[in-house]
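Dropping protein-v2.txt in here (compact mmCIF, C-alpha atoms):
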# COMPACT_ATOMS: atom_id res chain seq x y z
CA MET S 1232 -6.26 13.07 91.39
CA PRO S 1233 -8.73 13.18 88.49
CA ARG S 1234 -12.42 12.87 89.32
CA SER S 1235 -13.78 9.42 88.71
CA VAL S 1236 -16.94 8.44 86.92
CA ALA S 1237 -19.45 6.32 88.82
CA PRO S 1238 -19.48 2.71 87.54
CA TRP S 1239 -23.15 3.01 86.59
CA MET S 1240 -22.38 5.91 84.26
CA VAL S 1241 -19.84 3.97 82.21
CA GLU S 1242 -21.21 2.89 78.84
CA ARG S 1243 -19.97 -0.34 77.33
CA LYS S 1244 -20.19 -1.66 73.79
CA LEU S 1245 -20.22 -5.32 72.80
CA LEU S 1246 -17.52 -6.30 70.29
CA VAL S 1247 -17.73 -9.58 68.39
CA LYS S 1248 -14.61 -11.73 68.10
CA ALA S 1249 -16.12 -14.85 66.54
CA GLU S 1250 -19.53 -16.08 65.47
CA GLY S 1251 -21.15 -18.83 67.47
CA GLU S 1252 -24.42 -20.48 68.38
CA THR S 1253 -25.79 -21.94 71.58
CA ASP S 1254 -27.48 -25.31 71.84
CA PRO S 1255 -31.00 -24.97 73.35
CA LYS S 1256 -30.58 -28.45 74.85
CA TYR S 1257 -28.31 -27.18 77.60
CA GLY S 1258 -28.75 -24.46 80.20
CA CYS S 1259 -31.54 -21.93 79.99
CA GLU S 1260 -32.12 -18.20 79.89
CA PRO S 1261 -32.06 -16.79 83.43
CA GLU S 1262 -35.65 -15.55 83.20
CA GLN S 1263 -36.87 -19.00 82.12
CA ARG S 1264 -35.36 -21.04 84.94
CA PRO S 1265 -37.82 -23.39 86.67
CA PRO S 1266 -39.11 -21.84 89.95
CA LYS S 1267 -36.83 -23.84 92.23
CA ASP S 1268 -33.71 -22.80 90.33
CA TYR S 1269 -35.06 -19.29 89.82
CA ILE S 1270 -35.11 -18.90 93.61
CA ARG S 1271 -31.73 -20.54 94.19
CA PHE S 1272 -30.11 -18.30 91.58
CA GLY S 1273 -32.10 -15.26 92.62
CA VAL S 1274 -31.53 -11.91 94.26
CA ILE S 1275 -34.11 -9.81 96.09
CA ASN S 1276 -33.71 -6.06 95.81
CA LEU S 1277 -34.93 -5.44 99.33
CA ASP S 1278 -35.91 -2.16 100.92
CA LYS S 1279 -34.32 -2.52 104.32
CA PRO S 1280 -36.54 -1.20 107.11
CA ALA S 1281 -35.03 1.02 109.80
CA GLY S 1282 -34.24 -0.68 113.08
CA PRO S 1283 -33.06 -4.23 112.53
CA THR S 1284 -29.56 -4.90 111.25
CA SER S 1285 -28.86 -6.05 107.69
CA HIS S 1286 -28.01 -9.48 109.06
CA GLU S 1287 -31.33 -9.76 110.90
CA VAL S 1288 -33.26 -8.67 107.82
CA ALA S 1289 -31.40 -11.22 105.66
CA ALA S 1290 -32.19 -13.95 108.19
CA TRP S 1291 -35.90 -13.10 108.10
CA VAL S 1292 -35.94 -13.26 104.31
CA LYS S 1293 -34.21 -16.61 104.53
CA ARG S 1294 -37.05 -17.94 106.69
CA MET S 1295 -39.79 -16.40 104.57
CA VAL S 1296 -38.50 -17.73 101.27
CA GLY S 1297 -37.50 -21.03 102.82
CA VAL S 1298 -33.95 -21.25 101.53
CA GLU S 1299 -30.97 -22.63 103.40
CA ASN S 1300 -28.62 -19.71 103.02
CA VAL S 1301 -28.68 -16.05 102.18
CA GLY S 1302 -26.11 -13.32 101.85
CA HIS S 1303 -26.39 -9.59 101.34
CA GLY S 1304 -24.48 -7.02 99.39
CA GLY S 1305 -23.13 -4.28 101.62
CA THR S 1306 -24.19 -3.79 105.20
CA LEU S 1307 -26.49 -0.90 105.94
CA GLU S 1308 -25.84 0.31 109.45
CA ALA S 1309 -28.78 -0.21 111.81
CA LEU S 1310 -30.15 2.44 114.11
CA ARG S 1311 -27.94 2.40 117.16
CA ARG S 1312 -30.42 1.03 119.62
CA PHE S 1313 -27.97 0.01 122.27
CA LYS S 1314 -24.47 0.90 123.30
CA GLY S 1315 -21.70 -1.11 121.77
CA LEU S 1316 -23.21 -1.73 118.37
CA ARG S 1317 -20.44 -1.61 115.86
CA GLU S 1318 -20.37 0.99 113.16
CA ILE S 1319 -20.40 -0.78 109.85
CA PRO S 1320 -19.15 0.44 106.47
CA THR S 1321 -22.05 1.45 104.29
CA MET D 1016 -30.07 2.83 107.62
CA THR D 1017 -32.89 2.11 105.19
CA GLY D 1018 -32.94 1.48 101.47
CA VAL D 1019 -31.50 -0.81 98.85
CA LEU D 1020 -30.13 -4.02 100.35
CA PRO D 1021 -29.68 -6.79 97.77
CA VAL D 1022 -30.32 -10.14 99.46
CA THR D 1023 -28.74 -13.06 97.65
CA LEU D 1024 -30.34 -16.49 97.92
CA GLU D 1025 -28.39 -19.75 97.99
CA GLU D 1026 -26.28 -20.04 94.82
CA SER D 1027 -26.44 -16.32 94.06
CA ARG D 1028 -24.45 -15.58 97.23
CA LYS D 1029 -21.41 -16.10 95.06
CA VAL D 1030 -22.00 -12.78 93.32
CA VAL D 1031 -21.89 -10.83 96.60
CA GLN D 1032 -18.23 -9.99 96.12
CA ALA D 1033 -19.13 -8.19 92.90
CA LEU D 1034 -21.79 -6.21 94.77
CA LEU D 1035 -19.55 -5.28 97.69
CA LEU D 1036 -16.96 -3.77 95.37
CA SER D 1037 -19.54 -1.90 93.35
CA GLY D 1038 -20.45 1.73 94.00
CA LYS D 1039 -23.25 2.94 96.23
CA GLU D 1040 -25.54 5.94 96.23
CA TYR D 1041 -27.15 7.48 99.29
CA VAL D 1042 -29.53 10.25 100.21
CA CYS D 1043 -28.38 11.74 103.46
CA VAL D 1044 -29.59 14.30 106.01
CA MET D 1045 -26.66 16.01 107.64
CA LYS D 1046 -27.18 18.11 110.75
CA LEU D 1047 -24.89 21.09 111.20
CA HIS D 1048 -23.80 22.10 114.69
CA GLY D 1049 -23.78 25.79 113.86
CA GLY D 1050 -24.98 28.25 111.26
CA ALA D 1051 -23.55 28.14 107.75
CA SER D 1052 -24.67 29.79 104.53
CA GLU D 1053 -26.11 27.67 101.76
CA ASN D 1054 -23.39 28.80 99.36
CA ARG D 1055 -20.66 27.82 101.76
CA VAL D 1056 -22.21 24.39 102.26
CA LYS D 1057 -22.47 23.85 98.49
CA GLU D 1058 -18.84 24.93 98.12
CA VAL D 1059 -17.61 22.46 100.74
CA LEU D 1060 -19.69 19.59 99.32
CA LYS D 1061 -18.00 20.24 95.93
CA GLU D 1062 -14.60 19.95 97.60
CA PHE D 1063 -15.43 16.41 98.67
CA GLU D 1064 -16.17 15.24 95.12
CA ASP D 1065 -12.76 13.65 94.89
CA THR D 1066 -10.71 10.77 96.18
CA ILE D 1067 -10.86 11.19 99.94
CA TYR D 1068 -8.97 9.68 102.85
CA GLN D 1069 -10.93 7.89 105.55
CA ARG D 1070 -9.88 6.04 108.64
CA PRO D 1071 -12.61 3.56 109.64
CA PRO D 1072 -14.29 4.65 112.89
CA LEU D 1073 -13.26 3.29 116.29
CA ARG D 1074 -16.12 0.84 116.31
CA SER D 1075 -15.91 -0.74 112.92
CA SER D 1076 -15.75 -4.17 111.41
CA VAL D 1077 -12.64 -3.63 109.30
CA LYS D 1078 -8.98 -2.88 110.02
CA ARG D 1079 -8.56 0.74 111.15
CA GLN D 1080 -6.13 1.75 108.51
CA LEU D 1081 -6.21 5.01 106.57
CA ARG D 1082 -7.67 4.23 103.17
CA THR D 1083 -8.86 6.11 100.13
CA ARG D 1084 -12.37 6.09 98.79
CA LYS D 1085 -13.71 7.74 95.65
CA ILE D 1086 -16.63 10.12 95.90
CA TYR D 1087 -18.12 10.21 92.40
CA TYR D 1088 -20.55 13.05 93.05
CA ILE D 1089 -22.34 14.94 95.80
CA ASP D 1090 -25.57 16.64 94.74
CA PHE D 1091 -26.87 19.28 97.11
CA LEU D 1092 -30.67 18.91 97.25
CA GLU D 1093 -32.07 21.10 100.01
CA MET D 1094 -31.22 23.00 103.15
CA ASP D 1095 -33.57 23.83 105.98
CA GLY D 1096 -32.00 25.62 108.93
CA ARG D 1097 -29.22 23.34 110.04
CA ASN D 1098 -30.43 20.29 108.13
CA VAL D 1099 -28.71 19.64 104.81
CA LEU D 1100 -30.10 17.10 102.36
CA PHE D 1101 -27.74 15.72 99.72
CA LYS D 1102 -27.24 12.76 97.43
CA VAL D 1103 -23.83 11.10 97.27
CA GLY D 1104 -22.45 8.52 94.85
CA CYS D 1105 -19.39 6.77 96.24
CA GLU D 1106 -17.18 3.72 96.17
CA GLY D 1107 -18.19 0.70 98.27
CA GLY D 1108 -16.87 0.92 101.83
CA THR D 1109 -17.22 4.68 102.24
CA TYR D 1110 -18.40 5.68 105.71
CA ILE D 1111 -21.07 8.34 105.20
CA ARG D 1112 -21.15 9.07 108.93
CA LYS D 1113 -17.47 9.89 108.71
CA LEU D 1114 -18.01 11.91 105.55
CA CYS D 1115 -20.59 14.09 107.33
CA TYR D 1116 -18.23 14.57 110.27
CA ASP D 1117 -15.41 15.62 107.95
CA ILE D 1118 -17.68 18.01 106.03
CA GLY D 1119 -18.57 19.56 109.39
CA GLU D 1120 -14.89 20.00 110.22
CA VAL D 1121 -14.20 21.79 106.94
CA LEU D 1122 -17.26 24.00 107.46
CA GLY D 1123 -15.89 24.81 110.89
CA CYS D 1124 -19.17 24.37 112.73
CA GLY D 1125 -19.16 20.58 112.97
CA ALA D 1126 -21.84 18.23 111.68
CA HIS D 1127 -23.20 14.72 112.03
CA MET D 1128 -25.20 12.29 109.97
CA GLN D 1129 -28.86 12.49 110.92
CA GLU D 1130 -30.47 10.09 108.52
CA LEU D 1131 -29.40 7.89 105.66
CA ARG D 1132 -31.12 6.00 102.89
CA ARG D 1133 -29.30 3.94 100.29
CA THR D 1134 -30.70 4.54 96.82
CA ARG D 1135 -28.31 2.31 94.90
CA ALA D 1136 -26.06 -0.71 95.48
CA GLY D 1137 -24.22 -1.48 92.23
CA PRO D 1138 -26.88 -2.12 89.58
CA PHE D 1139 -29.75 -2.29 92.11
CA ILE D 1140 -31.73 0.92 92.39
CA GLU D 1141 -34.84 2.12 94.19
CA GLU D 1142 -36.88 2.53 91.02
CA GLU D 1143 -36.41 -1.01 89.73
CA GLY D 1144 -37.87 -3.97 91.57
CA LEU D 1145 -37.30 -2.67 95.08
CA VAL D 1146 -39.56 -4.67 97.43
CA THR D 1147 -40.31 -4.33 101.12
CA MET D 1148 -40.32 -7.19 103.62
CA HIS D 1149 -44.13 -7.09 103.43
CA ASP D 1150 -44.04 -7.45 99.63
CA VAL D 1151 -41.79 -10.49 99.96
CA ALA D 1152 -44.07 -12.14 102.52
CA TYR D 1153 -47.23 -11.33 100.55
CA TRP D 1154 -46.10 -12.23 97.03
CA PHE D 1155 -44.30 -15.33 98.17
CA MET D 1156 -47.53 -16.67 99.73
CA GLN D 1157 -49.41 -15.67 96.57
CA TRP D 1158 -46.97 -17.68 94.52
CA LYS D 1159 -47.30 -20.71 96.81
CA GLU D 1160 -51.07 -20.59 96.52
CA SER D 1161 -51.42 -19.81 92.83
CA GLY D 1162 -48.29 -21.47 91.48
CA ASP D 1163 -48.02 -18.61 89.00
CA ASP D 1164 -44.32 -18.06 88.32
CA ALA D 1165 -44.91 -14.52 87.13
CA VAL D 1166 -45.64 -13.65 90.78
CA LEU D 1167 -42.22 -14.95 91.80
CA ARG D 1168 -40.57 -12.66 89.27
CA LYS D 1169 -42.14 -9.68 91.01
CA ILE D 1170 -39.91 -10.18 94.05
CA ILE D 1171 -36.91 -12.15 92.81
CA GLN D 1172 -34.46 -11.23 90.05
CA PRO D 1173 -31.90 -13.55 88.46
CA MET D 1174 -28.36 -13.28 89.88
CA GLU D 1175 -27.19 -12.10 86.45
CA LYS D 1176 -28.80 -8.76 87.30
CA ALA D 1177 -26.15 -8.26 89.99
CA LEU D 1178 -23.45 -8.44 87.31
CA THR D 1179 -24.90 -5.74 85.04
CA LEU D 1180 -22.05 -3.33 85.73
CA VAL D 1181 -19.25 -5.88 85.43
CA PRO D 1182 -17.78 -6.08 81.88
CA LYS D 1183 -18.76 -9.35 80.25
CA ILE D 1184 -17.11 -11.92 78.01
CA TYR D 1185 -19.47 -14.26 76.13
CA VAL D 1186 -18.09 -17.73 75.47
CA ARG D 1187 -18.83 -20.79 73.36
CA ASP D 1188 -21.00 -23.60 74.77
CA THR D 1189 -17.98 -25.88 74.45
CA ALA D 1190 -15.91 -23.74 76.84
CA VAL D 1191 -18.56 -23.56 79.58
CA ASP D 1192 -18.13 -26.85 81.43
CA ALA D 1193 -14.34 -26.58 81.54
CA ILE D 1194 -14.74 -23.18 83.22
CA CYS D 1195 -17.27 -24.69 85.65
CA HIS D 1196 -14.54 -27.16 86.59
CA GLY D 1197 -12.14 -24.30 87.28
CA ALA D 1198 -10.26 -24.01 83.99
CA ASN D 1199 -9.18 -20.56 82.85
CA LEU D 1200 -10.79 -18.98 79.83
CA THR D 1201 -8.60 -19.15 76.73
CA ALA D 1202 -8.86 -17.09 73.55
CA PRO D 1203 -10.55 -19.66 71.25
CA GLY D 1204 -13.54 -19.84 73.63
CA VAL D 1205 -14.30 -16.12 73.38
CA LEU D 1206 -17.19 -15.09 71.12
CA SER D 1207 -17.74 -11.47 72.09
CA LEU D 1208 -16.73 -9.08 74.83
CA GLU D 1209 -17.47 -5.65 76.21
CA THR D 1210 -15.28 -2.57 75.97
CA GLY D 1211 -13.39 -1.26 78.97
CA ILE D 1212 -11.73 -4.49 80.09
CA THR D 1213 -8.16 -4.02 81.32
CA ALA D 1214 -5.58 -6.55 82.51
CA GLY D 1215 -6.28 -7.30 86.16
CA SER D 1216 -9.89 -6.07 86.17
CA MET D 1217 -12.88 -8.19 87.15
CA VAL D 1218 -14.93 -9.66 84.32
CA ALA D 1219 -18.01 -11.86 84.20
CA ILE D 1220 -18.04 -14.87 81.89
CA PHE D 1221 -21.46 -15.40 80.27
CA THR D 1222 -23.06 -17.93 77.93
CA LEU D 1223 -24.86 -16.86 74.78
CA LYS D 1224 -28.12 -17.53 76.65
CA GLY D 1225 -27.14 -14.81 79.10
CA GLU D 1226 -26.33 -17.09 82.02
CA ALA D 1227 -23.45 -16.22 84.32
CA VAL D 1228 -20.72 -18.87 84.31
CA ALA D 1229 -17.99 -17.37 86.47
CA LEU D 1230 -16.28 -14.27 87.81
CA ALA D 1231 -12.73 -13.93 86.55
CA GLU D 1232 -9.71 -11.66 86.43
CA ALA D 1233 -8.93 -10.43 82.92
CA GLN D 1234 -5.36 -11.05 81.78
CA ALA D 1235 -5.48 -8.59 78.88
CA SER D 1236 -7.47 -5.59 77.66
CA THR D 1237 -10.51 -5.73 75.37
CA GLU D 1238 -8.41 -4.72 72.36
CA GLU D 1239 -5.70 -7.27 73.12
CA ILE D 1240 -8.21 -10.09 73.63
CA LEU D 1241 -9.81 -9.32 70.25
CA GLY D 1242 -6.48 -10.01 68.57
CA MET D 1243 -5.53 -13.10 70.57
CA GLU D 1244 -5.61 -16.53 68.97
CA HIS D 1245 -4.45 -18.58 71.93
CA GLY D 1246 -3.48 -18.11 75.54
CA VAL D 1247 -5.32 -17.34 78.77
CA VAL D 1248 -7.76 -14.46 78.50
CA ALA D 1249 -9.14 -14.54 82.05
CA ARG D 1250 -8.28 -16.40 85.24
CA VAL D 1251 -11.36 -17.82 86.92
CA LYS D 1252 -11.89 -16.55 90.47
CA ARG D 1253 -15.38 -17.72 91.32
CA VAL D 1254 -17.46 -20.31 89.48
CA LEU D 1255 -21.17 -19.43 89.49
CA MET D 1256 -22.70 -22.17 87.34
CA PRO D 1257 -23.01 -25.76 88.63
CA ARG D 1258 -20.84 -28.32 86.87
CA GLY D 1259 -22.57 -30.45 84.29
CA THR D 1260 -25.03 -27.77 83.16
CA TYR D 1261 -23.34 -27.86 79.75
CA PRO D 1262 -21.73 -30.98 78.25
CA LYS D 1263 -18.10 -31.73 78.89
CA CYS D 1264 -16.19 -30.95 75.70
CA TRP D 1265 -12.57 -31.37 76.64
CA LYS D 1266 -10.35 -34.40 76.28
CA SER D 1267 -8.93 -35.95 79.42
CA ARG D 1268 -5.94 -38.21 79.37
CA GLU D 1269 -6.68 -41.82 80.24
CA ILE D 1270 -4.48 -43.25 82.96

Output the structure of this file as structure tokens.
Amino acid sequence: MPRSVAPWMVERKLLVKAEGETDPKYGCEPEQRPPKDYIRFGVINLDKPAGPTSHEVAAWVKRMVGVENVGHGGTLEALRRFKGLREIPT
Amino acid sequence: MTGVLPVTLEESRKVVQALLLSGKEYVCVMKLHGGASENRVKEVLKEFEDTIYQRPPLRSSVKRQLRTRKIYYIDFLEMDGRNVLFKVGCEGGTYIRKLCYDIGEVLGCGAHMQELRRTRAGPFIEEEGLVTMHDVAYWFMQWKESGDDAVLRKIIQPMEKALTLVPKIYVRDTAVDAICHGANLTAPGVLSLETGITAGSMVAIFTLKGEAVALAEAQASTEEILGMEHGVVARVKRVLMPRGTYPKCWKSREI
């Protein structure tokens, strides 16, 4: 099988199909969202500490930031502190 | 075991599926169970830069079925006695512990994963906006006290960042609300699009303001879409923007 290129090494170009404008009355640039929305539509690039599981870490962030729900992208296996901890895809 | 772990808040949880499928990069310490020359180790690491077969380990959270995973690159960094340090770029869902074990088998002496740090998850990397739990606690309190939104931006990034590596299609304002209601994207709504889209691949639908509208499955390639005048361009899989953000611009039949 041919070697594959990592997704972050792929370069993409933007091609225009039609001209158009956007009405400033609706929506807003992601960086300009009001704080409440900025948090709700936000992602934290977190440096996971060793020890706790990804789920535990996510739950702590949830409490700190005071949001109702959090998710995380890709489990990072915890240190195996006790027998029976499942091995998780990284 | 440490490293980049994107945590998605509330609404942005919907982009997790794009992150899970995206590639990962790790720095790993592998411990050999016997002596091996540096050249031999480098040689074997090169052999693994390929599509490899992996069966998830006995204790795992997915079905234990032989599956293939792509290893984009393995860069040998350092070797000290029986400790080997390397960097590996791979597809999501690759078990690095298993990879180390398999490398050990090929070397003949056996090996295991000693330590692991993730340096990339999709578009998120160590060098850009990586924050510790302490940073989050500290800056979040700072923001609460000062009310300065710039502080918030130190720790939180917009969910659109998570879609950096997904090819994008930019659409007209008038197409946005229909998509938010679950309609598929049709050709007249497309303003511009990125290269590298193929039929069946995941795309992200964006507004001209750079807001994510939805994740969708492309029905045609970039070149084909450019030439299309009507018909479905992408089937919406996951709506990211709340309904009503943009005005409703489609006609509904009165009953």

*Once you count only C-alpha atoms, which residues end up no further than 7 Å from (-36.4, 0.7, 105.3) in the file's frame, shown as a ChimeraX atom specification?*
/S:1278-1281 /D:1017-1018

*Find, counting only C-alpha atoms, the residue in S:Asp1268, S:Val1241, S:Asp1254, S:Val1247 that gets nearest to chain D.*
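With only C-alpha atoms as the atom set, the closest residue is S:Val1247.
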
*So which residues are close to (-7.4, -18.8, 87.1), meaning at most 6 Å away in the file's coordinates with all atoms listed in the file counted, and can you show them as a PyMOL selection string?*
chain D and resi 1199+1250-1251

Could those residues be written to a file, using C-alpha atoms, as an mmCIF file, in the frame of the given file?
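Listed below is the output, out_33.cif:
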data_model
loop_
_atom_site.group_PDB
_atom_site.id
_atom_site.type_symbol
_atom_site.label_atom_id
_atom_site.label_comp_id
_atom_site.auth_asym_id
_atom_site.auth_seq_id
_atom_site.Cartn_x
_atom_site.Cartn_y
_atom_site.Cartn_z
ATOM 1 C CA ASN D 1199 -9.180 -20.560 82.850
ATOM 2 C CA ARG D 1250 -8.280 -16.400 85.240
ATOM 3 C CA VAL D 1251 -11.360 -17.820 86.920
#

_Within 9 Å of segment 1111-1119 of chain D using only C-alpha atoms, minus same-chain residues under 5 positions, as a list of chain:residue names_ =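 The residues that qualify are S:Pro1320, S:Thr1321, D:Tyr1041, D:Cys1043, D:Met1045, D:Lys1046, D:Leu1047, D:His1048, D:Val1056, D:Val1059, D:Leu1060, D:Phe1063, D:Gln1069, D:Arg1070, D:Pro1071, D:Pro1072, D:Val1103, D:Cys1124, D:Gly1125, D:Ala1126, D:His1127, D:Met1128, D:Gln1129, D:Leu1131.
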
Would you export the selected residues with C-alpha atoms as an mmCIF file, in the frame of the given file, please?
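File result.cif, as written:
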data_model
loop_
_atom_site.group_PDB
_atom_site.id
_atom_site.type_symbol
_atom_site.label_atom_id
_atom_site.label_comp_id
_atom_site.auth_asym_id
_atom_site.auth_seq_id
_atom_site.Cartn_x
_atom_site.Cartn_y
_atom_site.Cartn_z
ATOM 1 C CA PRO S 1320 -19.150 0.440 106.470
ATOM 2 C CA THR S 1321 -22.050 1.450 104.290
ATOM 3 C CA TYR D 1041 -27.150 7.480 99.290
ATOM 4 C CA CYS D 1043 -28.380 11.740 103.460
ATOM 5 C CA MET D 1045 -26.660 16.010 107.640
ATOM 6 C CA LYS D 1046 -27.180 18.110 110.750
ATOM 7 C CA LEU D 1047 -24.890 21.090 111.200
ATOM 8 C CA HIS D 1048 -23.800 22.100 114.690
ATOM 9 C CA VAL D 1056 -22.210 24.390 102.260
ATOM 10 C CA VAL D 1059 -17.610 22.460 100.740
ATOM 11 C CA LEU D 1060 -19.690 19.590 99.320
ATOM 12 C CA PHE D 1063 -15.430 16.410 98.670
ATOM 13 C CA GLN D 1069 -10.930 7.890 105.550
ATOM 14 C CA ARG D 1070 -9.880 6.040 108.640
ATOM 15 C CA PRO D 1071 -12.610 3.560 109.640
ATOM 16 C CA PRO D 1072 -14.290 4.650 112.890
ATOM 17 C CA VAL D 1103 -23.830 11.100 97.270
ATOM 18 C CA CYS D 1124 -19.170 24.370 112.730
ATOM 19 C CA GLY D 1125 -19.160 20.580 112.970
ATOM 20 C CA ALA D 1126 -21.840 18.230 111.680
ATOM 21 C CA HIS D 1127 -23.200 14.720 112.030
ATOM 22 C CA MET D 1128 -25.200 12.290 109.970
ATOM 23 C CA GLN D 1129 -28.860 12.490 110.920
ATOM 24 C CA LEU D 1131 -29.400 7.890 105.660
#

*What lies within 12 Å of Gly1273 of chain S using all atoms listed in the file, ignoring chain neighbours under 4 positions off, as JSON, numbers by chain?*
{"S": [1261, 1262, 1264, 1265, 1266, 1267, 1268, 1269, 1296, 1298, 1300, 1301, 1302, 1303], "D": [1021, 1022, 1023, 1024, 1025, 1026, 1027, 1028, 1029, 1030, 1031, 1167, 1168, 1169, 1170, 1171, 1172, 1173, 1174, 1175, 1176, 1177]}

_Residues near Lys1248 of chain S, cut-off 12 Å, only C-alpha atoms, skip fewer than 2 positions along chain, as a PyMOL selection string_ = (chain S and resi 1245-1246+1250-1251) or (chain D and resi 1184-1187+1202-1209+1237-1244)

*Just the residues within 12 Å of Asp1188 of chain D, please, counting all atoms listed in the file, with nothing from its chain fewer than 4 positions along; format it as JSON, numbers by chain.*
{"S": [1251, 1252, 1253, 1254, 1255, 1256, 1257, 1258, 1259], "D": [1192, 1193, 1194, 1195, 1203, 1204, 1205, 1206, 1220, 1221, 1222, 1223, 1224, 1225, 1226, 1228, 1259, 1260, 1261, 1262, 1263, 1264, 1265]}

Those same residues - C-alpha atoms - I'd like them written as an mmCIF file, in the frame of the given file.
data_model
loop_
_atom_site.group_PDB
_atom_site.id
_atom_site.type_symbol
_atom_site.label_atom_id
_atom_site.label_comp_id
_atom_site.auth_asym_id
_atom_site.auth_seq_id
_atom_site.Cartn_x
_atom_site.Cartn_y
_atom_site.Cartn_z
ATOM 1 C CA GLY S 1251 -21.150 -18.830 67.470
ATOM 2 C CA GLU S 1252 -24.420 -20.480 68.380
ATOM 3 C CA THR S 1253 -25.790 -21.940 71.580
ATOM 4 C CA ASP S 1254 -27.480 -25.310 71.840
ATOM 5 C CA PRO S 1255 -31.000 -24.970 73.350
ATOM 6 C CA LYS S 1256 -30.580 -28.450 74.850
ATOM 7 C CA TYR S 1257 -28.310 -27.180 77.600
ATOM 8 C CA GLY S 1258 -28.750 -24.460 80.200
ATOM 9 C CA CYS S 1259 -31.540 -21.930 79.990
ATOM 10 C CA ASP D 1192 -18.130 -26.850 81.430
ATOM 11 C CA ALA D 1193 -14.340 -26.580 81.540
ATOM 12 C CA ILE D 1194 -14.740 -23.180 83.220
ATOM 13 C CA CYS D 1195 -17.270 -24.690 85.650
ATOM 14 C CA PRO D 1203 -10.550 -19.660 71.250
ATOM 15 C CA GLY D 1204 -13.540 -19.840 73.630
ATOM 16 C CA VAL D 1205 -14.300 -16.120 73.380
ATOM 17 C CA LEU D 1206 -17.190 -15.090 71.120
ATOM 18 C CA ILE D 1220 -18.040 -14.870 81.890
ATOM 19 C CA PHE D 1221 -21.460 -15.400 80.270
ATOM 20 C CA THR D 1222 -23.060 -17.930 77.930
ATOM 21 C CA LEU D 1223 -24.860 -16.860 74.780
ATOM 22 C CA LYS D 1224 -28.120 -17.530 76.650
ATOM 23 C CA GLY D 1225 -27.140 -14.810 79.100
ATOM 24 C CA GLU D 1226 -26.330 -17.090 82.020
ATOM 25 C CA VAL D 1228 -20.720 -18.870 84.310
ATOM 26 C CA GLY D 1259 -22.570 -30.450 84.290
ATOM 27 C CA THR D 1260 -25.030 -27.770 83.160
ATOM 28 C CA TYR D 1261 -23.340 -27.860 79.750
ATOM 29 C CA PRO D 1262 -21.730 -30.980 78.250
ATOM 30 C CA LYS D 1263 -18.100 -31.730 78.890
ATOM 31 C CA CYS D 1264 -16.190 -30.950 75.700
ATOM 32 C CA TRP D 1265 -12.570 -31.370 76.640
#

_Interatomic distance (Å, one decimal) between atom CA of Arg1074 of chain D and atom CA of Glu1130 of chain D_ = 18.8 Å

_One decimal, in Å: what's the spacing between atom CA of Trp1239 of chain S and atom CA of Ala1033 of chain D?_
13.5 Å

*atom CA of Leu1035 of chain D and atom CA of Glu1242 of chain S are how many Å apart?*
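Straight-line distance from atom CA of Leu1035 of chain D to atom CA of Glu1242 of chain S works out to 20.6 Å.
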
*Mind checking which residues fall within 9 Å of Met1295 of chain S, counting only C-alpha atoms, ignoring those fewer than 5 positions away in the same chain, and posting them as a ChimeraX atom specification?*
/S:1290 /D:1151-1152,1155

*Of the residues D:Asp1095, D:Glu1106, D:Glu1058, D:Glu1120, which is the one nearest to Ser1235 of chain S, using only C-alpha atoms?*
D:Glu1106
